[in-house]
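Asks: The structure's right below; bear with me while I get my questions together.
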Protein chains: 4
Amino acid sequence: MTLRIGVIGAGMIGQDHIRRITDVLSGGKVVAVTDSDRSRAEKAAEKPGARVFDDAASLVASDEVDAVLVASWGPAHEEAVLPTLAAGKPVFCEKPLATTQEACLRIIDAEVKAGKRLIQVGFMRRYDAAYRALKATLEEGRIGAPLLFHSVHRNASVPAGLYTSDMAISDTMVHDIDVARWLLDDEVATVRVFAGRRNAVGGDLRDPILAVMQMAAGALVTVEVSVNIGYGYDIRGEISAEQGAASLAESNPVVVKHAGAFSGRVPVDWRERFIEAYDLEIAEWINAASAGGATGPSAWDGYAITAVSDAGIRAARIGEVVEVILVDRPPFYG
Amino acid sequence: MTLRIGVIGAGMIGQDHIRRITDVLSGGKVVAVTDSDRSRAEKAAEKPGARVFDDAASLVASDEVDAVLVASWGPAHEEAVLPTLAAGKPVFCEKPLATTQEACLRIIDAEVKAGKRLIQVGFMRRYDAAYRALKATLEEGRIGAPLLFHSVHRNASVPAGLYTSDMAISDTMVHDIDVARWLLDDEVATVRVFAGRRNAVGGDLRDPILAVMQMAAGALVTVEVSVNIGYGYDIRGEISAEQGAASLAESNPVVVKHAGAFSGRVPVDWRERFIEAYDLEIAEWINAASAGGATGPSAWDGYAITAVSDAGIRAARIGEVVEVILVDRPPFYG
Amino acid sequence: MTLRIGVIGAGMIGQDHIRRITDVLSGGKVVAVTDSDRSRAEKAAEKPGARVFDDAASLVASDEVDAVLVASWGPAHEEAVLPTLAAGKPVFCEKPLATTQEACLRIIDAEVKAGKRLIQVGFMRRYDAAYRALKATLEEGRIGAPLLFHSVHRNASVPAGLYTSDMAISDTMVHDIDVARWLLDDEVATVRVFAGRRNAVGGDLRDPILAVMQMAAGALVTVEVSVNIGYGYDIRGEISAEQGAASLAESNPVVVKHAGAFSGRVPVDWRERFIEAYDLEIAEWINAASAGGATGPSAWDGYAITAVSDAGIRAARIGEVVEVILVDRPPFYG
Amino acid sequence: MTLRIGVIGAGMIGQDHIRRITDVLSGGKVVAVTDSDRSRAEKAAEKPGARVFDDAASLVASDEVDAVLVASWGPAHEEAVLPTLAAGKPVFCEKPLATTQEACLRIIDAEVKAGKRLIQVGFMRRYDAAYRALKATLEEGRIGAPLLFHSVHRNASVPAGLYTSDMAISDTMVHDIDVARWLLDDEVATVRVFAGRRNAVGGDLRDPILAVMQMAAGALVTVEVSVNIGYGYDIRGEISAEQGAASLAESNPVVVKHAGAFSGRVPVDWRERFIEAYDLEIAEWINAASAGGATGPSAWDGYAITAVSDAGIRAARIGEVVEVILVDRPPFYG
């Protein structure tokens with residue numbers, strides 16, 4: 001049975017998921033699209049032959065829609081997710097789950113009321129083969145307990161004027177927060193953010209930043225976020241453990257030797273680096289949603305990451321350590 | 001429109017393509033299956049809900065079948081491909097195109113008569129990201145004309161008793177022959193095969209072998225084929241050119257440091273190493289076949305590779321250089 | 001002319017330098033040895049045919065000694081270095097220059113009074129080919145100003161009971177402090193030290209630690225020090241700059257593929273990793289001392305590193321940021 | 001005791017060894033120099049304060065000379081080596097031992113008559129850390145018996161007009177012949193040389209060439225020699241064995257990420273690549289010669305390599321396989 005999917009939000013990432021579901025993956029079909037800009041929704045609906053809805057509410061309510069993919073902008077996520085949960089339909093929600101912890105908690109309440117997991121949040125790194133191999137290495141136990149995790153997150157550039165210093169945390173570092181929690185299987189307890197000499201390319205932008213987080217069980221995490229480093233999109237990670245270390249390997253298909261040097265490509269952006277992860281993320285969602293449920297990053301993860309991000313933003317502003325205070329985790333989330 | 005696919009041959013590779021079309025890729029649906037072992041066909045037809053046909057002829061002729069995928073054993077390829085061409089339907093044929101040059105030429109004649117390309121042959125390396133990057137490097141021109149190509153093809157093991165010395169060429173080295181022709185954009189002119197000290201693991205098996213081929217335009221190609229090397233499946237390739245060199249990079253997701261060493265995994269077998277290439281190969285075939293045609297490795301490629309393989313087998317037996325004699329290439333194949 | 005060298009301290013590192021001067025390098029000859037344990041001095045003097053002196057003072061004063069190498073334990077450095085400076089003789093002093101900032105400053109005063117550089121301090125990383133290439137990359141300017149430096153310092157093990165938590169800073173991290181100052185050409189302004197989950201292998205030892213330093217011009221430095229990581233001695237470093245990054249490459253001579261994995265050796269200890277750096281360090285010292293002067297890490301470097309180390313130890317104890325306060329740098333040190 | 005060394009031949013390599021003995025290594029002193037160009041000898045003798053001799057004969061005979069280093073051009077080696085052997089003095093002879101097999105055999109006869117090894121021939125790769133690690137890997141036995149050895153020897157460029165096609169074998173490939181014999185602990189039985197499409201950069205030069213050798217015990221060896229490849233000096237080697245493989249790792253100190261790529265340096269020439277090997281080679285010679293003997297590559301090695309080189313030159317000319325016929329190995333050479 002093909003999963004009939006309604007897509008809320010037909011911007012860049014929404015269009016990309018529609019293309020993925022239509023042209024790449026099996027098992028799903030985009031049957032409904034809505035967007036605050038109707039002409040954009042119409043254009044996106046063309047290839048899959050989907051119906052265009054006036055608003056999220058009517059799309060969610062439609063009998064033709066089995067599951068919902070939310071790719072609108074962050075502040076609109078809550079109003080798309082809550083009715084979907086109310087309708088008992090599975091939902092994939094792009095990151096962030098919501099832009100405030102309060103909104104995240106309302107979503108968690110709704111899902112708990114629904115009595116089963118219905119939400120998958122779009123943290124795609126968990127579907128990346130290299131991160132999965134890193135986690136598998138830890139679980140295998142050979143190198144002992146993880147003590148330090150070093151994460152490096154570099155973008156070639158961000159749009160001047162549009163990208164704010166806070167976004168280095170709320171938009172960019174959230175992925176590192178996600179993998180730190182997932183790899184170490186623990187919550188973040190405290191965050192500090194250091195900003196030193198700035199990259200002149202970014203003008204007033206606080207860039208790069210260095211975050212130091214401590215997990216509840218004590219492991220330390222460092223995160224470098226550099227968003228205007230020019231040379232490409234570069235994601236690195238290394239775990240230092242009790243009796244060994246494990247790191248994401250450099251991945252590039254070809255080494256060229258020319259003019260006194262060997263060289264290879266660095267990915268241009270996140271689309272290139274994580275294309276297989278995005279495919280797998282949506283493929284696994286289609287599978288889980290077809291069975292009426294959800295898998296992968298949960299609403300709890302979405303909430304916890306937002307809480308850490310909020311603490312990080314505050315830590316960057318006040319230059320002090322900030323504790324991350326989470327509500328009690330509903331047993332529901334295991 | 002979904003491409004309705006009939007699959008001839010439901011052995012290991014046939015089942016894998018059925019899984020791929022059904023569970024992974026969009027755009028195609030397996031609607032028909034046939035196999036000399038009917039119960040095997042029935043089992044394979046279950047998941048996609050396909051109809052089981054008594055024989056290739058009736059499957060090919062069915063109105064419900066838009067395109068045919070041939071995954072039977074090599075000697076049966078011709079009898080599956082010819083009626084498909086006669087019916088004007090696109091066909092994906094696993095390698096080899098056919099087991100004799102004569103059969104390959106009959107298929108070429110039939111396709112030429114059909115007036116357009118309908119056949120894609122299953123040489124999947126051309127869909128591998130690393131080989132594509134290697135070819136792109138050559139085409140970019142920076143390192144000049146290619147002069148030498150070193151190819152290494154290693155299998156962890158082959159089934160004792162079932163795998164013959166000739167198969168190191170006809171089954172294994174054919175992939176290296178394919179990429180040599182494709183990367184260098186040239187035909188193989190001569191082949192020599194050297195066999196030296198044998199790997200004791202393989203008993204009487206002539207293993208490893210070293211082939212030296214010369215291309216029509218003069219470039220030299222070396223191929224190591226080792227089929228019982230134990231440690232894993234390892235595919236390597238390097239082009240030495242006029243002003244540089246380019247090689248397939250080692251690809252592994254994670255590096256672990258433990259007990260005095262750094263280490264990483266080598267793929268277990270071809271399924272692991274080329275899984276994305278297989279996916280892309282069939283995805284591109286579905287696209288081309290949906291448009292009524294074909295792309296990728298052609299019947300001419302299938303013929304030329306068989307001719308080189310035949311020459312290689314003879315070269316290995318007589319211990320001398322053997323010329324590869326090809327018929328004139330029909331203008332049809334560009 | 002051969003430089004006639006007197007060695008003060010014939011322990012492990014002293015013996016190693018005697019071997020190096022006698023068996024490996026040209027230009028110098030060990031003519032005098034002294035040690036608090038006379039029999040140890042006698043044994044070390046045997047191979048080079050050196051004279052054994054009763055104490056540092058008489059060795060330094062001897063007409064037969066052109067230059068002095070101090071390899072006694074840290075607390076004894078000052079009493080060996082000061083008379084050598086008074087005698088106007090060049091001196092190589094193993095790290096640390098002295099164990100207190102006050103002692104370092106007394107040595108600086110004495111050298112300033114001598115009117116020219118006579119002291120080289122034993123921070124050998126500056127003679128390592130990889131660190132030199134890293135510095136050359138920065139100086140070349142292509143990647144822009146350095147903004148972050150990540151340093152990783154891992155030991156397979158340290159002697160239980162003998163190695164204290166403070167020594168992770170004063171004995172181990174001093175090398176990272178040295179290269180941070182040298183690579184970034186700047187002084188350390190502040191230090192923090194984080195200690196998280198402990199490596200159970202070390203019992204009560206505060207291990208690993210993570211230091212975050214800020215340089216005077218604003219660049220940030222992270223240092224991981226792990227001293228019981230088991231797998232080997234692993235030194236890593238990466239500079240993240242405005243338009244690029246540069247890192248020490250992994251260095252190992254051979255890659256072996258066996259049993260499902262590729263692998264290579266990690267050095268066992270600092271002797272293996274830095275053997276060429278030690279040779280070059282002493283070779284350059286012999287050259288400079290033969291000309292009556294000194295090169296490389298200066299007494300100022302020795303003082304500044306001790307000041308940062310002191311601040312780091314305090315930072316680790318109080319869990320707060322600690323400022324590094326240096327006296328004015330004598331113009332003498334450029 | 002310092003070894004008093006007489007140097008015959010003060011060209012580029014002779015000067016380099018004089019510098020090495022004088023400025024870098026311990027244990028030896030250049031006391032005598034001779035060269036067909038007396039002013040060149042005088043200049044080279046200056047720094048070490050050596051005496052200039054009129055000819056090889058008087059230098060060899062001098063009481064002041066304990067051991068002789070022969071760095072004249074190949075055709076003059078025999079006339080320098082034979083009197084040294086007659087005088088019972090240790091001799092280091094740059095490669096080739098001599099330019100004809102007959103001359104090599106006369107030298108062997110003389111050494112056998114002397115009753116002990118006195119000659120070390122200048123094949124420096126055996127002193128390279130990476131080649132030594134490769135040999136150690138084989139000896140350790142984990143990967144089983146070696147079956148194939150792939151060697152790649154690339155020069156950025158050779159002097160147009162001066163470098164002949166034969167020299168690709170007699171000057172360049174001799175190093176690969178040496179390491180093949182040494183790594184596989186076997187003699188070369190047959191040689192073939194293939195020349196394909198030529199590198200346009202070299203005009204008429206037969207470049208690149210591909211040699212295929214078979215060892216007496218059956219292992220196969222491939223050698224790529226490319227002498228005008230432009231990008232740098234690149235030496236590669238991989239052993240394919242029964243249950244694994246081992247290869248020289250790429251060695252470069254720093255990886256830089258900039259402008260969409262990661263990159264690192266390739267050595268410019270053999271001096272850069274093998275500088276430590278040359279140092280170690282001469283250091284080990286000084287040790288052995290000080291004890292009155294010799295170590296490392298022997299006169300037998302020199303002879304066998306010349307025999308293989310001669311066979312290779314003939315193989316390249318006639319385009320056929322050529323057998324390597326060696327005289328019986330004197331038991332003397334073990």
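In the structure tokens, the first chain shown is A, the next is B, and so on; residue numbers restart at 1 for each chain, and ligands run from 1 in the order shown.
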Need the shell around Ile275 in chain B: protein/DNA/RNA residues with any atom at most 12 Å away, counting only C-alpha atoms. Skip same-chain ones fewer than 6 positions apart. Format as a PyMOL selection string?

Replies: chain B and resi 16-17+20+24+124-125+127-129+267-269+281-282

Asks: Go ahead and write the selection's residues with all heavy atoms as a compact mmCIF listing (two decimals), in the first residue's frame.

Replies:
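What follows is the written file selection_33.txt:
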```txt
# COMPACT_ATOMS: atom_id res chain seq x y z
N ASP B 16 17.16 -9.61 -5.69
CA ASP B 16 17.67 -8.34 -5.18
C ASP B 16 17.11 -7.17 -5.99
O ASP B 16 16.75 -6.14 -5.43
CB ASP B 16 19.21 -8.36 -5.23
CG ASP B 16 19.81 -7.26 -4.36
OD1 ASP B 16 19.36 -7.12 -3.20
OD2 ASP B 16 20.72 -6.56 -4.82
N HIS B 17 17.02 -7.34 -7.30
CA HIS B 17 16.46 -6.26 -8.12
C HIS B 17 14.96 -6.10 -7.82
O HIS B 17 14.44 -4.98 -7.83
CB HIS B 17 16.68 -6.53 -9.61
CG HIS B 17 18.11 -6.28 -10.05
ND1 HIS B 17 18.83 -5.18 -9.66
CD2 HIS B 17 18.94 -6.98 -10.89
CE1 HIS B 17 20.04 -5.21 -10.21
NE2 HIS B 17 20.13 -6.30 -10.94
N ARG B 20 14.70 -4.14 -4.73
CA ARG B 20 15.10 -2.76 -5.02
C ARG B 20 13.95 -1.98 -5.67
O ARG B 20 13.64 -0.85 -5.29
CB ARG B 20 16.31 -2.84 -5.96
CG ARG B 20 16.89 -1.55 -6.41
CD ARG B 20 18.22 -1.82 -7.09
NE ARG B 20 19.25 -2.11 -6.12
CZ ARG B 20 19.92 -3.27 -6.02
NH1 ARG B 20 19.67 -4.26 -6.86
NH2 ARG B 20 20.81 -3.42 -5.08
N VAL B 24 12.70 0.14 -2.56
CA VAL B 24 13.64 1.25 -2.48
C VAL B 24 13.35 2.37 -3.48
O VAL B 24 13.32 3.54 -3.13
CB VAL B 24 15.09 0.74 -2.71
CG1 VAL B 24 16.09 1.89 -2.63
CG2 VAL B 24 15.42 -0.35 -1.70
N MET B 124 27.57 -2.38 -13.37
CA MET B 124 27.13 -1.36 -12.40
C MET B 124 28.20 -0.38 -12.00
O MET B 124 27.91 0.66 -11.43
CB MET B 124 26.55 -2.06 -11.17
CG MET B 124 27.58 -2.60 -10.18
SD MET B 124 28.58 -3.96 -10.90
CE MET B 124 29.54 -4.47 -9.49
N ARG B 125 29.49 -0.72 -12.28
CA ARG B 125 30.54 0.19 -11.79
C ARG B 125 30.41 1.60 -12.37
O ARG B 125 30.86 2.56 -11.77
CB ARG B 125 31.92 -0.37 -12.13
CG ARG B 125 32.28 -1.56 -11.28
CD ARG B 125 33.77 -1.82 -11.40
NE ARG B 125 34.14 -3.07 -10.75
CZ ARG B 125 35.35 -3.58 -10.75
NH1 ARG B 125 36.34 -2.93 -11.39
NH2 ARG B 125 35.61 -4.71 -10.16
N TYR B 127 28.01 3.32 -12.45
CA TYR B 127 27.07 4.10 -11.63
C TYR B 127 27.64 4.39 -10.24
O TYR B 127 26.98 4.99 -9.42
CB TYR B 127 25.73 3.36 -11.53
CG TYR B 127 25.10 3.18 -12.88
CD1 TYR B 127 25.34 2.05 -13.65
CD2 TYR B 127 24.30 4.19 -13.43
CE1 TYR B 127 24.80 1.92 -14.92
CE2 TYR B 127 23.77 4.07 -14.69
CZ TYR B 127 24.02 2.92 -15.43
OH TYR B 127 23.49 2.80 -16.68
N ASP B 128 28.85 3.93 -10.02
CA ASP B 128 29.49 4.15 -8.72
C ASP B 128 30.04 5.59 -8.66
O ASP B 128 30.69 6.06 -9.59
CB ASP B 128 30.63 3.14 -8.57
CG ASP B 128 31.43 3.36 -7.30
OD1 ASP B 128 30.85 3.18 -6.21
OD2 ASP B 128 32.61 3.73 -7.40
N ALA B 129 29.78 6.25 -7.55
CA ALA B 129 30.19 7.66 -7.41
C ALA B 129 31.69 7.84 -7.58
O ALA B 129 32.15 8.83 -8.18
CB ALA B 129 29.75 8.20 -6.05
N PRO B 267 34.92 -3.52 2.84
CA PRO B 267 33.63 -4.16 2.55
C PRO B 267 33.76 -5.68 2.48
O PRO B 267 34.79 -6.22 2.08
CB PRO B 267 33.24 -3.60 1.17
CG PRO B 267 33.98 -2.31 1.05
CD PRO B 267 35.26 -2.51 1.83
N VAL B 268 32.70 -6.35 2.87
CA VAL B 268 32.67 -7.81 2.87
C VAL B 268 32.58 -8.35 1.44
O VAL B 268 33.28 -9.30 1.08
CB VAL B 268 31.45 -8.30 3.68
CG1 VAL B 268 31.25 -9.80 3.50
CG2 VAL B 268 31.64 -7.96 5.15
N ASP B 269 31.71 -7.76 0.66
CA ASP B 269 31.50 -8.27 -0.69
C ASP B 269 30.99 -7.18 -1.63
O ASP B 269 30.86 -6.03 -1.23
CB ASP B 269 30.53 -9.46 -0.68
CG ASP B 269 29.16 -9.06 -0.12
OD1 ASP B 269 28.84 -7.85 -0.07
OD2 ASP B 269 28.41 -9.96 0.28
N GLU B 281 21.85 2.38 -10.90
CA GLU B 281 21.78 1.69 -12.19
C GLU B 281 20.32 1.39 -12.55
O GLU B 281 19.87 1.67 -13.67
CB GLU B 281 22.58 0.38 -12.09
CG GLU B 281 22.48 -0.56 -13.26
CD GLU B 281 23.09 -1.93 -12.92
OE1 GLU B 281 22.54 -2.64 -12.03
OE2 GLU B 281 24.09 -2.29 -13.53
N ILE B 282 19.59 0.83 -11.61
CA ILE B 282 18.20 0.46 -11.90
C ILE B 282 17.31 1.71 -11.94
O ILE B 282 16.39 1.81 -12.77
CB ILE B 282 17.67 -0.56 -10.86
CG1 ILE B 282 18.53 -1.85 -10.91
CG2 ILE B 282 16.21 -0.91 -11.11
CD1 ILE B 282 18.52 -2.59 -12.25
```

Asks: Neighbours of range 228-241 of chain D within 7 Å (only C-alpha atoms; same-chain residues fewer than 4 positions away dropped), as a ChimeraX atom specification?

Replies: /A:257-261 /B:242-244 /D:143-158,201-202,245-248,266-270

Asks: Please return, as a compact mmCIF listing (two decimals) with all heavy atoms, in the first residue's frame, all residues of range 135-235 of chain D that DSSP assigns to helix (DSSP H, G or I) on the basis of the backbone.

Replies:
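Written file, part.txt:
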```txt
# COMPACT_ATOMS: atom_id res chain seq x y z
N LYS D 135 58.48 -4.71 4.78
CA LYS D 135 59.20 -5.99 4.89
C LYS D 135 58.88 -6.66 6.22
O LYS D 135 58.65 -7.87 6.28
CB LYS D 135 60.71 -5.78 4.74
CG LYS D 135 61.48 -7.09 4.66
CD LYS D 135 62.88 -6.89 4.09
CE LYS D 135 63.72 -8.17 4.11
NZ LYS D 135 63.17 -9.25 3.27
N ALA D 136 58.82 -5.86 7.28
CA ALA D 136 58.50 -6.42 8.60
C ALA D 136 57.10 -7.04 8.59
O ALA D 136 56.86 -8.08 9.21
CB ALA D 136 58.59 -5.34 9.67
N THR D 137 56.18 -6.41 7.88
CA THR D 137 54.82 -6.96 7.79
C THR D 137 54.83 -8.33 7.12
O THR D 137 54.15 -9.25 7.56
CB THR D 137 53.92 -5.99 6.99
OG1 THR D 137 53.89 -4.74 7.65
CG2 THR D 137 52.51 -6.54 6.86
N LEU D 138 55.62 -8.45 6.06
CA LEU D 138 55.71 -9.75 5.39
C LEU D 138 56.32 -10.80 6.31
O LEU D 138 55.84 -11.95 6.37
CB LEU D 138 56.56 -9.64 4.13
CG LEU D 138 55.88 -8.94 2.95
CD1 LEU D 138 56.88 -8.79 1.81
CD2 LEU D 138 54.67 -9.77 2.50
N GLU D 139 57.35 -10.40 7.00
CA GLU D 139 58.07 -11.37 7.84
C GLU D 139 57.24 -11.83 9.03
O GLU D 139 57.39 -12.96 9.50
CB GLU D 139 59.40 -10.77 8.30
CG GLU D 139 60.39 -10.74 7.14
CD GLU D 139 61.65 -9.94 7.42
OE1 GLU D 139 61.70 -9.28 8.48
OE2 GLU D 139 62.57 -9.97 6.58
N GLU D 140 56.40 -10.96 9.46
CA GLU D 140 55.51 -11.27 10.59
C GLU D 140 54.55 -12.43 10.23
O GLU D 140 54.10 -13.17 11.11
CB GLU D 140 54.74 -9.97 10.84
CG GLU D 140 53.63 -9.99 11.81
CD GLU D 140 52.73 -8.78 11.52
OE1 GLU D 140 53.23 -7.64 11.46
OE2 GLU D 140 51.51 -8.99 11.38
N MET D 167 67.76 4.39 -19.77
CA MET D 167 68.00 4.83 -18.40
C MET D 167 66.76 4.68 -17.51
O MET D 167 66.88 4.60 -16.28
CB MET D 167 68.50 6.27 -18.38
CG MET D 167 69.93 6.39 -18.88
SD MET D 167 70.42 8.12 -19.16
CE MET D 167 70.52 8.70 -17.47
N ALA D 168 65.58 4.64 -18.12
CA ALA D 168 64.38 4.39 -17.33
C ALA D 168 64.52 3.06 -16.61
O ALA D 168 63.93 2.84 -15.54
CB ALA D 168 63.14 4.39 -18.22
N ILE D 169 65.31 2.16 -17.21
CA ILE D 169 65.56 0.86 -16.57
C ILE D 169 66.85 0.89 -15.76
O ILE D 169 66.85 0.60 -14.57
CB ILE D 169 65.58 -0.27 -17.64
CG1 ILE D 169 64.20 -0.35 -18.28
CG2 ILE D 169 65.99 -1.60 -17.01
CD1 ILE D 169 64.12 -1.19 -19.53
N SER D 170 67.95 1.28 -16.41
CA SER D 170 69.27 1.15 -15.74
C SER D 170 69.48 2.18 -14.63
O SER D 170 70.27 1.95 -13.72
CB SER D 170 70.39 1.27 -16.78
OG SER D 170 70.34 2.55 -17.39
N ASP D 171 68.80 3.30 -14.70
CA ASP D 171 68.99 4.35 -13.70
C ASP D 171 67.83 4.44 -12.72
O ASP D 171 68.01 4.74 -11.54
CB ASP D 171 69.10 5.71 -14.40
CG ASP D 171 70.44 6.34 -14.11
OD1 ASP D 171 71.45 5.64 -14.33
OD2 ASP D 171 70.45 7.49 -13.64
N THR D 172 66.64 4.21 -13.23
CA THR D 172 65.44 4.46 -12.43
C THR D 172 64.87 3.15 -11.89
O THR D 172 64.74 2.97 -10.69
CB THR D 172 64.40 5.22 -13.30
OG1 THR D 172 65.00 6.44 -13.76
CG2 THR D 172 63.15 5.53 -12.50
N MET D 173 64.54 2.22 -12.77
CA MET D 173 63.88 0.99 -12.34
C MET D 173 64.78 0.11 -11.48
O MET D 173 64.29 -0.79 -10.79
CB MET D 173 63.34 0.21 -13.53
CG MET D 173 62.29 -0.83 -13.15
SD MET D 173 61.56 -1.68 -14.58
CE MET D 173 62.65 -3.10 -14.71
N VAL D 174 66.08 0.31 -11.52
CA VAL D 174 66.97 -0.52 -10.69
C VAL D 174 66.56 -0.48 -9.22
O VAL D 174 66.71 -1.47 -8.50
CB VAL D 174 68.47 -0.11 -10.83
CG1 VAL D 174 69.01 -0.61 -12.16
CG2 VAL D 174 68.65 1.39 -10.68
N HIS D 175 66.02 0.63 -8.77
CA HIS D 175 65.57 0.70 -7.37
C HIS D 175 64.37 -0.22 -7.12
O HIS D 175 64.26 -0.84 -6.06
CB HIS D 175 65.21 2.13 -7.00
CG HIS D 175 66.40 3.02 -6.86
ND1 HIS D 175 67.30 2.88 -5.84
CD2 HIS D 175 66.85 4.06 -7.62
CE1 HIS D 175 68.26 3.80 -5.97
NE2 HIS D 175 68.01 4.52 -7.04
N ASP D 176 63.48 -0.30 -8.09
CA ASP D 176 62.33 -1.20 -7.95
C ASP D 176 62.76 -2.65 -8.02
O ASP D 176 62.21 -3.51 -7.34
CB ASP D 176 61.29 -0.88 -9.04
CG ASP D 176 60.88 0.57 -9.00
OD1 ASP D 176 59.98 0.90 -8.23
OD2 ASP D 176 61.50 1.40 -9.70
N ILE D 177 63.77 -2.91 -8.87
CA ILE D 177 64.32 -4.28 -8.95
C ILE D 177 64.93 -4.65 -7.59
O ILE D 177 64.71 -5.75 -7.08
CB ILE D 177 65.40 -4.36 -10.07
CG1 ILE D 177 64.75 -4.12 -11.44
CG2 ILE D 177 66.12 -5.70 -10.02
CD1 ILE D 177 65.77 -3.88 -12.57
N ASP D 178 65.66 -3.70 -7.03
CA ASP D 178 66.28 -3.96 -5.73
C ASP D 178 65.22 -4.29 -4.66
O ASP D 178 65.33 -5.30 -3.97
CB ASP D 178 67.09 -2.73 -5.30
CG ASP D 178 67.63 -2.89 -3.88
OD1 ASP D 178 68.27 -3.92 -3.61
OD2 ASP D 178 67.41 -2.00 -3.05
N VAL D 179 64.20 -3.44 -4.54
CA VAL D 179 63.23 -3.70 -3.47
C VAL D 179 62.38 -4.94 -3.74
O VAL D 179 61.97 -5.63 -2.81
CB VAL D 179 62.31 -2.48 -3.15
CG1 VAL D 179 63.12 -1.36 -2.51
CG2 VAL D 179 61.54 -2.02 -4.34
N ALA D 180 62.14 -5.25 -5.01
CA ALA D 180 61.39 -6.48 -5.31
C ALA D 180 62.19 -7.69 -4.80
O ALA D 180 61.64 -8.57 -4.14
CB ALA D 180 61.13 -6.58 -6.81
N ARG D 181 63.47 -7.72 -5.13
CA ARG D 181 64.32 -8.84 -4.69
C ARG D 181 64.39 -8.91 -3.17
O ARG D 181 64.36 -9.98 -2.55
CB ARG D 181 65.74 -8.70 -5.25
CG ARG D 181 65.83 -8.84 -6.77
CD ARG D 181 67.26 -8.58 -7.25
NE ARG D 181 68.20 -9.55 -6.72
CZ ARG D 181 69.06 -9.33 -5.72
NH1 ARG D 181 69.11 -8.13 -5.13
NH2 ARG D 181 69.86 -10.29 -5.30
N TRP D 182 64.50 -7.75 -2.55
CA TRP D 182 64.69 -7.68 -1.10
C TRP D 182 63.40 -8.01 -0.35
O TRP D 182 63.39 -8.81 0.58
CB TRP D 182 65.18 -6.26 -0.75
CG TRP D 182 65.39 -5.98 0.69
CD1 TRP D 182 66.30 -6.54 1.53
CD2 TRP D 182 64.67 -5.02 1.47
NE1 TRP D 182 66.20 -5.98 2.78
CE2 TRP D 182 65.22 -5.05 2.77
CE3 TRP D 182 63.64 -4.13 1.18
CZ2 TRP D 182 64.73 -4.22 3.79
CZ3 TRP D 182 63.17 -3.30 2.19
CH2 TRP D 182 63.71 -3.36 3.48
N LEU D 183 62.29 -7.42 -0.80
CA LEU D 183 61.01 -7.67 -0.12
C LEU D 183 60.59 -9.11 -0.27
O LEU D 183 60.09 -9.73 0.67
CB LEU D 183 59.91 -6.76 -0.68
CG LEU D 183 59.97 -5.27 -0.32
CD1 LEU D 183 58.94 -4.49 -1.12
CD2 LEU D 183 59.72 -5.08 1.19
N LEU D 184 60.76 -9.65 -1.48
CA LEU D 184 60.28 -11.02 -1.74
C LEU D 184 61.36 -12.05 -1.43
O LEU D 184 61.11 -13.25 -1.52
CB LEU D 184 59.82 -11.13 -3.21
CG LEU D 184 58.71 -10.14 -3.59
CD1 LEU D 184 58.43 -10.19 -5.09
CD2 LEU D 184 57.43 -10.44 -2.80
N ALA D 200 53.60 12.84 -24.16
CA ALA D 200 54.03 13.79 -25.17
C ALA D 200 55.11 14.73 -24.63
O ALA D 200 55.94 15.24 -25.39
CB ALA D 200 52.83 14.60 -25.67
N VAL D 201 55.13 14.90 -23.31
CA VAL D 201 56.10 15.80 -22.70
C VAL D 201 57.54 15.36 -23.01
O VAL D 201 58.44 16.20 -23.15
CB VAL D 201 55.90 15.84 -21.16
CG1 VAL D 201 57.03 16.57 -20.47
CG2 VAL D 201 54.55 16.47 -20.83
N GLY D 202 57.75 14.07 -23.11
CA GLY D 202 59.11 13.56 -23.26
C GLY D 202 59.57 13.38 -24.70
O GLY D 202 60.62 12.82 -24.95
```

Asks: Per DSSP on the backbone, what are the strand (DSSP E) residues of range 103-213 of chain A, as an MDAnalysis selection string?

Replies: chainID A and resid 119:122 146:154 188:195 209:213

Asks: Would you work out the distance separating CA of Ala315 in chain B from CA of Tyr303 in chain B, expressed in Å to one decimal?

Replies: 18.2 Å
